[in-house]
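Right, one structure below, let's go through it.
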Amino acid sequence: MDRRGLLKAVAWIGAGAGAVAAGIGRAAVPAARRKPIVLYCDLAVDPRREQEMLDAFHNHFLPAAQSFQGRGFIDLKMLKIRQVIQGRPAPAAGINYRFQLTYESEEQRQVWIHSAIHQKNWPLIENTVLNRDYLVLLTDAV
């Protein structure tokens, strides 16, 4: 066995021993192998309230979400849709923003969305949309 292979084997043995010691056993997946989840929301933000939404996102919601770093939060973006370059179907009429949230796991995202800080700050964004029946996609990184 080469040195790299030996080091990998030692790391796996150590990770396995740590998992057993933590009471997790064989169900544990090493952090390096876990794949995050990404949630997308396609939003039709009222053009008259666009700046209000952006201010709420940057000054309230994003800092609140970032407070969950170390508790599963990885990344959060608010993306303004510029144009459809190729393919159909295009986003529904009026969809002008895509919200993108990345978390280490769906279980950790659930903790975030049920937290008081999320409950306080999400309405600042949601109150600016024209239709609350927006598309929400939960995806797994592969």
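How things are named: the first chain in the structure tokens is A, the next is B, and so on; residues count from 1 in each chain; ligands count from 1 in the order shown.
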
Requested in this report: With a distance cut-off of 7 Å and only C-alpha atoms, select the neighbouring residues of stretch 118-132 of chain A, excluding the residue or stretch itself and same-chain residues fewer than 2 positions from it, and output the selection as a list in words.
Outcome: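 Within the cut-off, the hits are Leu43, Ala44, Val45, Asp46, Arg49, Met53, Ala56, Phe57, His60, Phe61, Trp112, Ile113, His114, Ser115, Ala116 and Tyr134 of chain A.
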
Filtering to C-alpha atoms, could you give me those residues as a PDB file, in the first residue's frame?
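Writing done, so here's out_21.pdb:
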ATOM      1  CA  LEU A  43     -40.470  34.564  -6.678  1.00  0.00           C
ATOM      2  CA  ALA A  44     -42.600  37.154  -8.434  1.00  0.00           C
ATOM      3  CA  VAL A  45     -41.501  40.196  -6.462  1.00  0.00           C
ATOM      4  CA  ASP A  46     -43.767  43.195  -6.904  1.00  0.00           C
ATOM      5  CA  ARG A  49     -41.503  46.723  -3.769  1.00  0.00           C
ATOM      6  CA  MET A  53     -37.269  43.230  -0.736  1.00  0.00           C
ATOM      7  CA  ALA A  56     -34.854  43.224   3.720  1.00  0.00           C
ATOM      8  CA  PHE A  57     -32.767  40.452   2.167  1.00  0.00           C
ATOM      9  CA  HIS A  60     -32.123  41.386   7.780  1.00  0.00           C
ATOM     10  CA  PHE A  61     -32.654  37.965   6.213  1.00  0.00           C
ATOM     11  CA  TRP A 112     -33.567  26.984  10.605  1.00  0.00           C
ATOM     12  CA  ILE A 113     -37.042  27.465   9.145  1.00  0.00           C
ATOM     13  CA  HIS A 114     -38.709  26.698  12.479  1.00  0.00           C
ATOM     14  CA  SER A 115     -36.443  29.097  14.380  1.00  0.00           C
ATOM     15  CA  ALA A 116     -37.780  32.357  15.782  1.00  0.00           C
ATOM     16  CA  TYR A 134     -44.434  30.208  -5.565  1.00  0.00           C
TER      17      TYR A 134
END

Report task. Might you pull out every residue within 12 Å of stretch 78-87 of chain A, with only C-alpha atoms counted and same-chain residues fewer than 3 positions away left off, and present them as a PyMOL selection string? Result -> chain A and resi 39-45+47+50+53-58+61-62+75+90-102+125

Requested in this report: Just the helix (DSSP H, G or I) stuff from stretch 17-115 of chain A, please, per backbone DSSP, written as number ranges by chain.
Outcome: A: 17-21, 25-27, 31-33, 47-66, 106-113

Written selection (C-alpha atoms) as a PDB file, in the first residue's frame:
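Listed below is the output, result-v7.pdb:
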ATOM      1  CA  ALA A  17     -13.954   4.896  15.765  1.00  0.00           C
ATOM      2  CA  GLY A  18     -15.103   8.460  16.369  1.00  0.00           C
ATOM      3  CA  ALA A  19     -18.579   7.672  15.087  1.00  0.00           C
ATOM      4  CA  VAL A  20     -18.888   4.636  17.314  1.00  0.00           C
ATOM      5  CA  ALA A  21     -17.612   6.624  20.273  1.00  0.00           C
ATOM      6  CA  GLY A  25     -22.379   3.723  14.704  1.00  0.00           C
ATOM      7  CA  ARG A  26     -22.555   2.536  11.117  1.00  0.00           C
ATOM      8  CA  ALA A  27     -25.197   5.019  10.003  1.00  0.00           C
ATOM      9  CA  ALA A  31     -18.557  14.917   6.631  1.00  0.00           C
ATOM     10  CA  ALA A  32     -16.340  14.858   3.536  1.00  0.00           C
ATOM     11  CA  ARG A  33     -18.821  12.510   1.807  1.00  0.00           C
ATOM     12  CA  PRO A  47     -41.692  45.619  -9.037  1.00  0.00           C
ATOM     13  CA  ARG A  48     -42.911  48.510  -6.863  1.00  0.00           C
ATOM     14  CA  ARG A  49     -41.503  46.723  -3.769  1.00  0.00           C
ATOM     15  CA  GLU A  50     -38.282  45.390  -5.287  1.00  0.00           C
ATOM     16  CA  GLN A  51     -35.978  47.724  -3.365  1.00  0.00           C
ATOM     17  CA  GLU A  52     -37.852  46.954  -0.142  1.00  0.00           C
ATOM     18  CA  MET A  53     -37.269  43.230  -0.736  1.00  0.00           C
ATOM     19  CA  LEU A  54     -33.574  43.728  -1.524  1.00  0.00           C
ATOM     20  CA  ASP A  55     -33.078  45.852   1.592  1.00  0.00           C
ATOM     21  CA  ALA A  56     -34.854  43.224   3.720  1.00  0.00           C
ATOM     22  CA  PHE A  57     -32.767  40.452   2.167  1.00  0.00           C
ATOM     23  CA  HIS A  58     -29.369  42.136   2.583  1.00  0.00           C
ATOM     24  CA  ASN A  59     -29.964  43.896   5.910  1.00  0.00           C
ATOM     25  CA  HIS A  60     -32.123  41.386   7.780  1.00  0.00           C
ATOM     26  CA  PHE A  61     -32.654  37.965   6.213  1.00  0.00           C
ATOM     27  CA  LEU A  62     -29.092  37.250   5.032  1.00  0.00           C
ATOM     28  CA  PRO A  63     -27.477  38.198   8.379  1.00  0.00           C
ATOM     29  CA  ALA A  64     -30.098  36.100  10.187  1.00  0.00           C
ATOM     30  CA  ALA A  65     -29.339  33.116   7.951  1.00  0.00           C
ATOM     31  CA  GLN A  66     -25.591  33.580   8.374  1.00  0.00           C
ATOM     32  CA  GLU A 106     -32.592  18.977   5.106  1.00  0.00           C
ATOM     33  CA  GLU A 107     -32.841  18.246   8.835  1.00  0.00           C
ATOM     34  CA  GLN A 108     -30.660  21.262   9.619  1.00  0.00           C
ATOM     35  CA  ARG A 109     -32.671  23.437   7.219  1.00  0.00           C
ATOM     36  CA  GLN A 110     -35.831  22.418   9.066  1.00  0.00           C
ATOM     37  CA  VAL A 111     -34.290  23.654  12.327  1.00  0.00           C
ATOM     38  CA  TRP A 112     -33.567  26.984  10.605  1.00  0.00           C
ATOM     39  CA  ILE A 113     -37.042  27.465   9.145  1.00  0.00           C
TER      40      ILE A 113
END

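Residue nearest A:Ala141, chosen from A:Arg88, A:Phe68, A:Leu76, A:Ser105 and counting only C-alpha atoms: A:Ser105.
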
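Relative to atom CA of A:Glu104, atom CA of A:Thr139 is found at 11.8 Å.
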